[in-house]
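Text of query.cif, listed as mmCIF, C-alpha atoms:
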data_entry
#
loop_
_atom_site.label_atom_id
_atom_site.label_comp_id
_atom_site.auth_asym_id
_atom_site.auth_seq_id
_atom_site.Cartn_x
_atom_site.Cartn_y
_atom_site.Cartn_z
CA MET A 23 15.33 113.50 -140.02
CA LYS A 24 18.16 115.38 -138.37
CA HIS A 25 15.65 117.68 -136.65
CA PHE A 26 13.67 114.67 -135.45
CA HIS A 27 16.76 113.24 -133.76
CA ARG A 28 17.51 116.55 -132.12
CA ARG A 29 13.96 116.82 -130.83
CA LEU A 30 14.03 113.25 -129.51
CA LEU A 31 17.29 113.99 -127.73
CA PHE A 32 15.70 117.07 -126.19
CA TYR A 33 12.71 115.10 -124.92
CA ILE A 34 14.91 112.37 -123.45
CA LEU A 35 17.11 114.92 -121.67
CA ALA A 36 14.03 116.76 -120.40
CA ALA A 37 12.61 113.49 -119.06
CA ILE A 38 15.86 112.63 -117.29
CA LEU A 39 16.06 116.12 -115.81
CA GLY A 40 12.42 115.93 -114.71
CA ALA A 41 12.91 112.53 -113.07
CA ALA A 42 16.02 113.77 -111.30
CA LEU A 43 14.21 116.86 -110.04
CA PHE A 44 11.25 114.77 -108.91
CA SER A 45 13.41 112.29 -107.00
CA TYR A 46 15.37 115.17 -105.48
CA ALA A 47 12.12 116.72 -104.28
CA GLN A 48 11.08 113.35 -102.85
CA ALA A 49 14.38 112.98 -101.05
CA GLN A 50 14.07 116.49 -99.67
CA GLU A 51 10.74 115.71 -98.00
CA GLU A 52 11.11 117.22 -94.58
CA THR A 53 11.86 114.62 -91.95
CA TYR A 54 13.45 114.90 -88.58
CA ARG A 55 15.16 112.28 -86.53
CA ILE A 56 13.51 110.95 -83.41
CA GLU A 57 16.27 109.60 -81.21
CA TYR A 58 16.26 111.29 -77.76
CA THR A 59 19.64 109.90 -76.81
CA ASP A 60 19.51 112.22 -73.76
CA ILE A 61 16.76 109.95 -72.38
CA PHE A 62 17.49 106.60 -73.97
CA GLY A 63 21.27 106.74 -73.81
CA LYS A 64 22.79 104.38 -76.34
CA LEU A 65 20.01 103.37 -78.72
CA ARG A 66 19.24 99.67 -79.11
CA ARG A 67 17.44 100.13 -82.40
CA PRO A 68 18.11 102.56 -85.28
CA ALA A 69 16.60 106.03 -84.82
CA ILE A 70 13.55 107.05 -86.84
CA ASP A 71 13.17 109.59 -89.61
CA PHE A 72 9.74 111.07 -89.03
CA SER A 73 7.90 113.32 -91.45
CA HIS A 74 5.65 115.73 -89.57
CA ASP A 75 4.16 117.15 -92.77
CA LEU A 76 3.09 113.75 -94.00
CA HIS A 77 1.31 112.95 -90.75
CA ALA A 78 -0.23 116.39 -90.33
CA GLU A 79 -1.71 116.03 -93.80
CA ALA A 80 -3.00 112.48 -93.22
CA LEU A 81 -4.47 113.37 -89.81
CA GLU A 82 -6.10 116.60 -90.93
CA GLU A 83 -9.55 115.35 -89.95
CA ALA A 84 -8.48 113.80 -86.65
CA GLY A 85 -6.70 117.01 -85.71
CA CYS A 86 -3.40 117.68 -83.99
CA GLY A 87 -4.81 116.15 -80.81
CA ALA A 88 -4.39 112.71 -82.34
CA CYS A 89 -0.79 112.88 -81.10
CA HIS A 90 -0.30 116.14 -79.19
CA HIS A 91 -1.78 116.10 -75.73
CA ALA A 92 -1.24 117.62 -72.32
CA PRO A 93 -3.05 117.27 -68.99
CA ASP A 94 -5.82 119.81 -68.42
CA GLU A 95 -5.01 122.13 -65.53
CA ASN A 96 -8.29 121.53 -63.70
CA THR A 97 -9.39 117.99 -64.54
CA GLY A 98 -6.03 116.40 -65.26
CA LYS A 99 -7.52 114.73 -68.33
CA LEU A 100 -5.45 114.60 -71.50
CA VAL A 101 -6.58 117.27 -73.92
CA TYR A 102 -5.22 119.09 -76.92
CA ILE A 103 -4.28 122.70 -76.21
CA GLU A 104 -3.66 124.71 -79.33
CA ASP A 105 -0.26 126.39 -79.66
CA GLU A 106 0.97 124.58 -76.59
CA GLU A 107 2.50 121.56 -78.29
CA VAL A 108 5.43 120.56 -76.13
CA SER A 109 8.06 117.88 -76.50
CA CYS A 110 7.02 114.35 -75.50
CA THR A 111 9.96 114.28 -73.09
CA GLU A 112 8.36 117.06 -71.00
CA CYS A 113 6.28 114.33 -69.35
CA HIS A 114 7.44 110.93 -70.60
CA GLY A 115 10.71 109.63 -69.18
CA LEU A 116 12.78 106.49 -69.42
CA LYS A 117 10.59 104.66 -66.88
CA GLU A 118 6.84 104.57 -66.44
CA GLU A 119 5.65 106.78 -63.54
CA ASP A 120 2.25 107.78 -62.13
CA SER A 121 0.36 106.07 -64.96
CA LYS A 122 2.41 108.03 -67.52
CA PRO A 123 3.80 105.49 -69.96
CA ALA A 124 7.56 105.42 -70.52
CA LEU A 125 8.81 107.34 -73.58
CA ARG A 126 9.36 104.20 -75.67
CA GLU A 127 5.86 102.92 -74.95
CA ALA A 128 4.41 106.39 -75.54
CA PHE A 129 5.97 106.51 -79.00
CA HIS A 130 4.95 102.96 -79.89
CA GLY A 131 1.49 103.66 -78.51
CA SER A 132 1.14 106.76 -80.70
CA CYS A 133 2.36 105.18 -83.93
CA THR A 134 1.33 101.52 -84.03
CA PRO A 135 -2.42 101.70 -83.26
CA CYS A 136 -3.07 104.00 -86.25
CA HIS A 137 -1.01 101.94 -88.67
CA ARG A 138 -2.72 98.75 -87.43
CA GLU A 139 -6.10 100.36 -87.98
CA MET A 140 -5.01 101.09 -91.54
CA ILE A 141 -4.33 97.39 -92.12
CA LYS A 142 -7.77 96.49 -90.78
CA GLU A 143 -9.49 99.11 -92.91
CA LYS A 144 -7.64 97.78 -95.97
CA ILE A 145 -6.24 101.18 -96.91
CA SER A 146 -3.73 100.63 -99.70
CA PHE A 147 -1.09 102.85 -98.11
CA LYS A 148 -0.46 101.54 -94.61
CA GLY A 149 2.93 103.05 -93.98
CA PRO A 150 5.30 101.04 -91.80
CA THR A 151 3.63 98.18 -89.91
CA THR A 152 6.59 96.14 -88.68
CA CYS A 153 9.54 96.88 -86.38
CA GLY A 154 12.14 97.22 -89.10
CA GLU A 155 10.07 99.45 -91.36
CA CYS A 156 10.49 102.34 -88.92
CA HIS A 157 13.82 101.32 -87.39
CA ILE A 158 15.82 101.22 -90.61
CA PRO A 159 19.58 100.83 -90.17
CA ALA A 160 20.47 102.12 -93.63
CA THR A 161 19.20 105.64 -92.92
CA ASP A 162 21.17 105.96 -89.73
CA THR A 163 24.91 105.53 -89.80
CA THR A 164 25.62 106.93 -86.35
CA GLN A 165 23.70 104.30 -84.39
CA PRO A 166 23.59 100.48 -84.55
CA MET B 24 18.08 33.21 -79.23
CA THR B 25 19.96 34.45 -76.19
CA PRO B 26 18.01 36.21 -73.47
CA SER B 27 18.44 39.93 -72.96
CA PRO B 28 21.31 40.78 -70.56
CA MET B 29 19.27 43.60 -69.03
CA ARG B 30 18.46 43.27 -65.36
CA PHE B 31 14.96 44.51 -65.85
CA LYS B 32 12.81 45.14 -68.82
CA VAL B 33 11.60 48.67 -69.55
CA VAL B 34 8.19 48.36 -71.10
CA ASN B 35 8.08 51.00 -73.76
CA SER B 36 4.35 51.59 -73.53
CA HIS B 37 4.87 52.90 -70.01
CA LEU B 38 6.22 56.06 -71.58
CA SER B 39 3.20 56.63 -73.74
CA LEU B 40 0.87 59.59 -73.39
CA SER B 41 -2.03 57.44 -72.30
CA TYR B 42 0.05 55.99 -69.47
CA VAL B 43 1.03 59.43 -68.22
CA PHE B 44 -2.51 60.73 -68.33
CA THR B 45 -3.95 57.58 -66.79
CA THR B 46 -1.47 57.98 -63.94
CA ILE B 47 -2.46 61.61 -63.41
CA PHE B 48 -6.14 60.70 -63.55
CA TYR B 49 -5.63 57.79 -61.18
CA HIS B 50 -3.95 59.93 -58.54
CA LEU B 51 -6.52 62.71 -58.88
CA PHE B 52 -9.24 60.06 -58.49
CA TYR B 53 -7.52 58.61 -55.44
CA ALA B 54 -6.89 62.01 -53.86
CA THR B 55 -10.48 63.19 -54.26
CA THR B 56 -12.40 59.98 -53.49
CA GLY B 57 -9.95 57.90 -51.50
CA LEU B 58 -10.83 54.91 -53.69
CA ILE B 59 -8.18 52.74 -55.30
CA TRP B 60 -9.29 52.18 -58.82
CA LEU B 61 -6.41 50.87 -60.96
CA PRO B 62 -4.43 48.39 -58.90
CA SER B 63 -1.66 48.00 -61.50
CA ILE B 64 -0.15 51.46 -60.90
CA PRO B 65 2.75 51.80 -58.41
CA SER B 66 2.00 53.09 -54.94
CA PHE B 67 2.12 56.83 -54.37
CA ASP B 68 4.62 56.93 -51.55
CA THR B 69 7.22 59.57 -50.67
CA GLN B 70 10.15 57.57 -52.01
CA PHE B 71 8.40 57.40 -55.34
CA ILE B 72 7.73 61.18 -55.43
CA ASN B 73 11.24 62.11 -54.27
CA GLY B 74 12.78 59.91 -56.94
CA GLY B 75 10.66 61.66 -59.56
CA PHE B 76 11.53 65.19 -58.46
CA LYS B 77 15.21 64.29 -58.08
CA SER B 78 15.24 63.07 -61.66
CA ILE B 79 13.47 66.18 -62.99
CA PHE B 80 15.95 68.42 -61.15
CA ARG B 81 18.99 66.44 -62.32
CA GLY B 82 17.63 66.43 -65.86
CA LEU B 83 17.64 70.25 -65.90
CA LEU B 84 21.30 70.48 -64.82
CA PRO B 85 24.23 70.23 -67.26
CA PHE B 86 25.50 66.65 -67.17
CA GLY B 87 23.04 65.90 -64.39
CA LEU B 88 21.99 62.54 -65.83
CA SER B 89 24.23 59.58 -66.61
CA ALA B 90 23.01 59.61 -70.22
CA MET B 91 24.51 63.09 -70.65
CA ARG B 92 27.81 62.01 -69.08
CA GLN B 93 28.04 58.95 -71.31
CA GLN B 94 27.81 61.20 -74.39
CA PRO B 95 29.48 64.46 -73.25
CA LEU B 96 29.37 66.20 -76.62
CA LEU B 97 25.67 65.50 -77.12
CA GLY B 98 24.97 66.30 -73.46
CA GLY B 99 26.83 69.61 -73.61
CA VAL B 100 25.33 70.74 -76.92
CA THR B 101 21.87 69.71 -75.72
CA PHE B 102 22.19 71.77 -72.53
CA ILE B 103 23.44 74.93 -74.30
CA PHE B 104 20.90 74.52 -77.10
CA HIS B 105 17.96 74.22 -74.71
CA LEU B 106 19.14 77.15 -72.59
CA CYS B 107 19.32 79.35 -75.70
CA VAL B 108 16.18 78.07 -77.41
CA VAL B 109 14.06 78.81 -74.32
CA MET B 110 15.70 82.04 -73.09
CA THR B 111 16.18 83.90 -76.40
CA PRO B 112 12.53 84.17 -77.48
CA LEU B 113 11.29 84.87 -73.94
CA PHE B 114 13.75 87.67 -73.22
CA LEU B 115 14.14 89.27 -76.66
CA LEU B 116 13.49 93.02 -76.67
CA ALA B 117 11.29 92.97 -79.78
CA HIS B 118 9.08 90.21 -78.35
CA ILE B 119 8.73 92.03 -75.02
CA VAL B 120 7.76 95.28 -76.80
CA LEU B 121 5.07 93.43 -78.77
CA PHE B 122 3.87 91.64 -75.63
CA TYR B 123 3.52 95.02 -73.90
CA GLU B 124 1.35 96.33 -76.72
CA SER B 125 -1.06 93.42 -76.22
CA TRP B 126 -0.97 92.85 -72.46
CA GLN B 127 0.70 95.93 -70.87
CA LEU B 128 3.21 93.64 -69.17
CA GLN B 129 6.98 93.97 -69.32
CA TRP B 130 10.07 92.23 -68.00
CA PRO B 131 13.83 92.78 -68.44
CA SER B 132 15.25 91.98 -71.86
CA LEU B 133 18.50 90.40 -72.98
CA PRO B 134 21.07 92.81 -74.44
CA ASP B 135 21.21 92.59 -78.24
CA LEU B 136 24.66 91.06 -78.65
CA PRO B 137 24.11 88.10 -76.27
CA ALA B 138 20.70 87.51 -77.86
CA ASP B 139 22.39 87.51 -81.27
CA ILE B 140 25.03 85.00 -80.18
CA MET B 141 22.42 82.78 -78.50
CA THR B 142 20.35 82.76 -81.71
CA MET B 143 23.41 81.65 -83.67
CA MET B 144 24.01 78.90 -81.11
CA VAL B 145 20.46 77.65 -81.61
CA ILE B 146 21.02 77.57 -85.37
CA ALA B 147 24.33 75.73 -84.87
CA GLY B 148 22.56 73.35 -82.46
CA THR B 149 19.88 72.41 -84.98
CA LEU B 150 22.61 71.74 -87.57
CA PHE B 151 24.43 69.54 -85.04
CA PHE B 152 21.27 67.58 -84.25
CA ALA B 153 20.43 67.19 -87.94
CA PHE B 154 23.97 65.97 -88.66
CA ARG B 155 23.77 63.50 -85.77
CA ARG B 156 20.36 62.29 -86.92
CA TRP B 157 21.88 61.74 -90.36
CA ILE B 158 25.11 59.89 -89.47
CA ARG B 159 24.20 57.86 -86.35
CA LYS B 160 22.41 54.85 -87.77
CA GLU B 161 20.57 53.97 -84.55
CA VAL B 162 19.16 57.52 -84.45
CA ARG B 163 18.42 57.52 -88.14
CA ALA B 164 16.49 54.28 -87.75
CA VAL B 165 14.01 55.86 -85.31
CA SER B 166 13.68 59.14 -87.26
CA ASN B 167 10.55 59.97 -89.17
CA PHE B 168 9.44 62.88 -91.33
CA ALA B 169 8.15 64.87 -88.35
CA ASP B 170 11.55 64.74 -86.64
CA TRP B 171 13.23 66.28 -89.67
CA ALA B 172 10.40 68.77 -90.12
CA LEU B 173 10.70 70.06 -86.59
CA LEU B 174 14.47 70.56 -86.91
CA ILE B 175 13.92 72.48 -90.15
CA VAL B 176 11.19 74.63 -88.59
CA VAL B 177 13.23 75.47 -85.47
CA ASN B 178 16.18 76.35 -87.69
CA GLY B 179 13.94 78.43 -89.93
CA VAL B 180 12.37 80.41 -87.09
CA PHE B 181 15.71 81.44 -85.61
CA LEU B 182 17.39 82.02 -88.97
CA THR B 183 14.65 84.29 -90.30
CA GLY B 184 14.56 86.11 -86.95
CA LEU B 185 18.30 86.71 -87.08
CA LEU B 186 18.22 87.85 -90.72
CA ALA B 187 15.26 90.17 -90.12
CA TYR B 188 16.87 91.74 -87.04
CA HIS B 189 20.00 92.58 -89.05
CA HIS B 190 18.00 93.61 -92.13
CA TRP B 191 19.93 91.02 -94.12
CA GLY B 192 17.64 90.40 -97.07
CA PRO B 193 14.05 91.46 -97.82
CA TYR B 194 12.78 92.58 -94.41
CA ARG B 195 9.04 92.13 -94.69
CA PRO B 196 8.99 88.63 -96.25
CA LEU B 197 11.59 87.51 -93.70
CA LEU B 198 9.55 88.81 -90.78
CA ILE B 199 6.32 87.29 -92.08
CA THR B 200 8.09 83.93 -92.56
CA HIS B 201 9.48 84.25 -89.03
CA VAL B 202 6.02 84.79 -87.54
CA LEU B 203 4.41 82.03 -89.63
CA LEU B 204 7.11 79.47 -88.80
CA GLY B 205 6.80 80.38 -85.11
CA GLU B 206 3.08 79.67 -85.25
CA ILE B 207 3.67 76.40 -87.12
CA LEU B 208 6.23 75.45 -84.45
CA LEU B 209 3.70 75.94 -81.67
CA LEU B 210 1.07 74.00 -83.63
CA MET B 211 3.56 71.15 -84.08
CA VAL B 212 4.07 70.73 -80.34
CA PRO B 213 1.36 68.11 -79.68
CA PHE B 214 2.04 66.09 -82.84
CA THR B 215 5.84 65.76 -82.86
CA LYS B 216 8.65 65.07 -80.42
CA LEU B 217 8.39 68.76 -79.53
CA VAL B 218 5.84 67.51 -77.01
CA HIS B 219 8.82 66.97 -74.70
CA MET B 220 8.40 70.68 -73.95
CA VAL B 221 5.50 69.61 -71.73
CA LEU B 222 6.00 65.88 -71.22
CA PHE B 223 9.67 66.10 -70.24
CA PHE B 224 8.56 66.68 -66.65
CA PHE B 225 6.17 63.71 -66.70
CA THR B 226 8.45 61.16 -68.38
CA ARG B 227 11.43 62.29 -66.32
CA GLY B 228 9.39 62.14 -63.14
CA TYR B 229 8.02 58.74 -64.02
CA LEU B 230 11.43 57.29 -64.93
CA GLY B 231 13.04 58.76 -61.80
CA ALA B 232 10.29 57.30 -59.66
CA GLU B 233 10.73 53.88 -61.22
CA TYR B 234 14.53 54.00 -60.89
CA GLU B 235 14.25 55.01 -57.25
CA ILE B 236 12.44 51.75 -56.54
CA VAL B 237 13.93 49.38 -59.12
CA LEU B 238 17.56 50.59 -59.08
CA ASP B 239 17.50 52.37 -55.69
CA GLY B 240 18.28 55.74 -57.33
CA GLU B 241 21.35 54.44 -59.16
CA GLY B 242 19.83 54.89 -62.58
CA LEU B 243 20.23 58.67 -62.81
#

Starting from the file, give its structure as structure tokens.
Amino acid sequence: MKHFHRRLLFYILAAILGAALFSYAQAQEETYRIEYTDIFGKLRRPAIDFSHDLHAEALEEAGCGACHHAPDENTGKLVYIEDEEVSCTECHGLKEEDSKPALREAFHGSCTPCHREMIKEKISFKGPTTCGECHIPATDTTQP
Amino acid sequence: MTPSPMRFKVVNSHLSLSYVFTTIFYHLFYATTGLIWLPSIPSFDTQFINGGFKSIFRGLLPFGLSAMRQQPLLGGVTFIFHLCVVMTPLFLLAHIVLFYESWQLQWPSLPDLPADIMTMMVIAGTLFFAFRRWIRKEVRAVSNFADWALLIVVNGVFLTGLLAYHHWGPYRPLLITHVLLGEILLLMVPFTKLVHMVLFFFTRGYLGAEYEIVLDGEGL
């Protein structure tokens, strides 16, 4: 009986340790903050924690070109050029110019259409689909 | 029974929807065919039109009408409430961003703090109107279920919007309620007193036109 108790205790401790490790790994999922305060100035909505890995995995079939694009040197059309992924702010600024959408609209235009499609296709995991599911104040203490 | 002390009698049915639309139809008919069809409707002269437009303009100003000056508290609250209830949804950043996604059109937005304060003023305004509807017995007597419902819905739309913006409470349910109540509000327009959104200009114009002739413009 004594041994049984000891074994039970061991299992419980192992489960707690496992859960803690698992949640730690979840919390450590690599995200980076999209804020671009150099362009936007003082942010009007909380900045976004974006996981590149998560999206790269989900968009494996669609390819990197689903988000990354640059104008082709000859035609001017938007194409994906491998190993030449540059920052969005290379082209998109605070205001719309020469049919290039402003940075805010470029971001919204890259994120929301996909997540809306996921609602339509009834995929169980849709990710964020409303304003406040990306712009979460709790994760960002430096901005309003 | 003593006769009414009023100098003239306002026939209530003149304010009805059918009257307004008959008037519009009559004038369209007259303008296109040159035929006078309904002889009972007042003549379409410049004095009549000017009186109508004067009344619409004065009705949009704070304390522009004598009714607002007779009840300054109600007049003041009404003016601020209407300013906020119209401006806040039209110039809110989140609404403009969503409008852009659908129509690729944008216009300047209100800063967040003023929008926040204006939303709270709308909520306070609905509470004021509900309180007034409850305690003033002459107002209570002409209140029906739809009047209460529309106050509750307007309050609900702005309250859920405010709570969702601040992430006070469960975000997704709040936002969905906000959208649903907004749609219900728009659906309620033709069936409740919310119709004054559209008909304000017609009733005001009609009354102003009548006053211009009957009271020589003194009725404003």

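In this model, the gap between atom CA of A:Ala124 and atom CA of B:Val120 comes to 11.9 Å.
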
Using the chain letters and numbering of this document, enumerate as a PyMOL selection string the residues selected by the PyMOL selection byres ((chain A) within 12 of (chain B)). chain A and resi 64-68+117-118+121+123-124+126-135+138+150-160+166

Give me the residues near A:Tyr102 as a list in words, where near means some atom within 8 Å (using only C-alpha atoms) and where sequence neighbours in that chain fewer than 6 positions away do not count.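 The residues that qualify are Cys86, Gly87, His90, His91 and Ala92 of chain A.
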
List the residues matched by the PyMOL selection byres ((chain A and resi 57) around 7) in the displayed structure as a list in words, ordered by chain and then by residue number.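 Against this file, the PyMOL selection byres ((chain A and resi 57) around 7) returns the residues Arg55, Ile56, Tyr58, Thr59, Ala69 and Ile70 of chain A.
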
Tell me, as a PDB file with C-alpha atoms, in the frame of the given file, which residues lie within 12 Å of stretch 93-101 of chain B, counting all atoms listed in the file; anything in the same chain fewer than 2 positions away does not count.
ATOM      1  CA  GLY B  82      17.630  66.430 -65.860  1.00  0.00           C
ATOM      2  CA  LEU B  83      17.640  70.250 -65.900  1.00  0.00           C
ATOM      3  CA  LEU B  84      21.300  70.480 -64.820  1.00  0.00           C
ATOM      4  CA  PRO B  85      24.230  70.230 -67.260  1.00  0.00           C
ATOM      5  CA  PHE B  86      25.500  66.650 -67.170  1.00  0.00           C
ATOM      6  CA  GLY B  87      23.040  65.900 -64.390  1.00  0.00           C
ATOM      7  CA  LEU B  88      21.990  62.540 -65.830  1.00  0.00           C
ATOM      8  CA  SER B  89      24.230  59.580 -66.610  1.00  0.00           C
ATOM      9  CA  ALA B  90      23.010  59.610 -70.220  1.00  0.00           C
ATOM     10  CA  MET B  91      24.510  63.090 -70.650  1.00  0.00           C
ATOM     11  CA  ILE B 103      23.440  74.930 -74.300  1.00  0.00           C
ATOM     12  CA  PHE B 104      20.900  74.520 -77.100  1.00  0.00           C
ATOM     13  CA  HIS B 105      17.960  74.220 -74.710  1.00  0.00           C
ATOM     14  CA  LEU B 106      19.140  77.150 -72.590  1.00  0.00           C
ATOM     15  CA  CYS B 107      19.320  79.350 -75.700  1.00  0.00           C
ATOM     16  CA  VAL B 108      16.180  78.070 -77.410  1.00  0.00           C
ATOM     17  CA  MET B 144      24.010  78.900 -81.110  1.00  0.00           C
ATOM     18  CA  VAL B 145      20.460  77.650 -81.610  1.00  0.00           C
ATOM     19  CA  ILE B 146      21.020  77.570 -85.370  1.00  0.00           C
ATOM     20  CA  ALA B 147      24.330  75.730 -84.870  1.00  0.00           C
ATOM     21  CA  GLY B 148      22.560  73.350 -82.460  1.00  0.00           C
ATOM     22  CA  THR B 149      19.880  72.410 -84.980  1.00  0.00           C
ATOM     23  CA  LEU B 150      22.610  71.740 -87.570  1.00  0.00           C
ATOM     24  CA  PHE B 151      24.430  69.540 -85.040  1.00  0.00           C
ATOM     25  CA  PHE B 152      21.270  67.580 -84.250  1.00  0.00           C
ATOM     26  CA  PHE B 154      23.970  65.970 -88.660  1.00  0.00           C
ATOM     27  CA  ARG B 155      23.770  63.500 -85.770  1.00  0.00           C
ATOM     28  CA  ARG B 156      20.360  62.290 -86.920  1.00  0.00           C
ATOM     29  CA  LEU B 243      20.230  58.670 -62.810  1.00  0.00           C
TER      30      LEU B 243
END

Nearest to A:Tyr54 by atom-to-atom distance, counting all atoms listed in the file, from A:Cys113, A:Ala42, A:Met140, A:Leu76: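 Residue with the minimum atom-to-atom distance to A:Tyr54: A:Leu76.
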
Starting from the sparse input, extend stretch 141-154 of chain A to N, CA and C atoms and give the output as a PDB file, in the coordinates of the input.
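Output contents, as saved in selection17.pdb:
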ATOM      1  N   ILE A 141      -4.337  98.749 -91.562  1.00  0.00           N
ATOM      2  CA  ILE A 141      -4.330  97.390 -92.120  1.00  0.00           C
ATOM      3  C   ILE A 141      -5.754  96.844 -92.083  1.00  0.00           C
ATOM      4  N   LYS A 142      -6.421  97.032 -90.953  1.00  0.00           N
ATOM      5  CA  LYS A 142      -7.770  96.490 -90.780  1.00  0.00           C
ATOM      6  C   LYS A 142      -8.737  97.108 -91.782  1.00  0.00           C
ATOM      7  N   GLU A 143      -8.567  98.420 -92.013  1.00  0.00           N
ATOM      8  CA  GLU A 143      -9.490  99.110 -92.910  1.00  0.00           C
ATOM      9  C   GLU A 143      -9.117  98.925 -94.374  1.00  0.00           C
ATOM     10  N   LYS A 144      -8.076  98.134 -94.609  1.00  0.00           N
ATOM     11  CA  LYS A 144      -7.640  97.780 -95.970  1.00  0.00           C
ATOM     12  C   LYS A 144      -7.323  99.023 -96.809  1.00  0.00           C
ATOM     13  N   ILE A 145      -6.717 100.018 -96.176  1.00  0.00           N
ATOM     14  CA  ILE A 145      -6.240 101.180 -96.910  1.00  0.00           C
ATOM     15  C   ILE A 145      -4.965 100.764 -97.646  1.00  0.00           C
ATOM     16  N   SER A 146      -4.853 101.148 -98.908  1.00  0.00           N
ATOM     17  CA  SER A 146      -3.730 100.630 -99.700  1.00  0.00           C
ATOM     18  C   SER A 146      -2.391 101.120 -99.156  1.00  0.00           C
ATOM     19  N   PHE A 147      -2.338 102.368 -98.703  1.00  0.00           N
ATOM     20  CA  PHE A 147      -1.090 102.850 -98.110  1.00  0.00           C
ATOM     21  C   PHE A 147      -1.175 102.749 -96.594  1.00  0.00           C
ATOM     22  N   LYS A 148      -0.400 101.785 -96.048  1.00  0.00           N
ATOM     23  CA  LYS A 148      -0.460 101.540 -94.610  1.00  0.00           C
ATOM     24  C   LYS A 148       0.701 102.186 -93.876  1.00  0.00           C
ATOM     25  N   GLY A 149       1.717 102.588 -94.634  1.00  0.00           N
ATOM     26  CA  GLY A 149       2.930 103.050 -93.980  1.00  0.00           C
ATOM     27  C   GLY A 149       3.633 101.877 -93.327  1.00  0.00           C
ATOM     28  N   PRO A 150       4.587 102.151 -92.445  1.00  0.00           N
ATOM     29  CA  PRO A 150       5.300 101.040 -91.800  1.00  0.00           C
ATOM     30  C   PRO A 150       4.401 100.313 -90.809  1.00  0.00           C
ATOM     31  N   THR A 151       4.449  98.967 -90.837  1.00  0.00           N
ATOM     32  CA  THR A 151       3.630  98.180 -89.910  1.00  0.00           C
ATOM     33  C   THR A 151       4.449  97.103 -89.197  1.00  0.00           C
ATOM     34  N   THR A 152       5.751  97.093 -89.407  1.00  0.00           N
ATOM     35  CA  THR A 152       6.590  96.140 -88.680  1.00  0.00           C
ATOM     36  C   THR A 152       7.757  96.900 -88.038  1.00  0.00           C
ATOM     37  N   CYS A 153       8.456  96.229 -87.140  1.00  0.00           N
ATOM     38  CA  CYS A 153       9.540  96.880 -86.380  1.00  0.00           C
ATOM     39  C   CYS A 153      10.538  97.568 -87.316  1.00  0.00           C
ATOM     40  N   GLY A 154      11.026  96.775 -88.278  1.00  0.00           N
ATOM     41  CA  GLY A 154      12.140  97.220 -89.100  1.00  0.00           C
ATOM     42  C   GLY A 154      11.751  98.183 -90.208  1.00  0.00           C
TER      43      GLY A 154
END
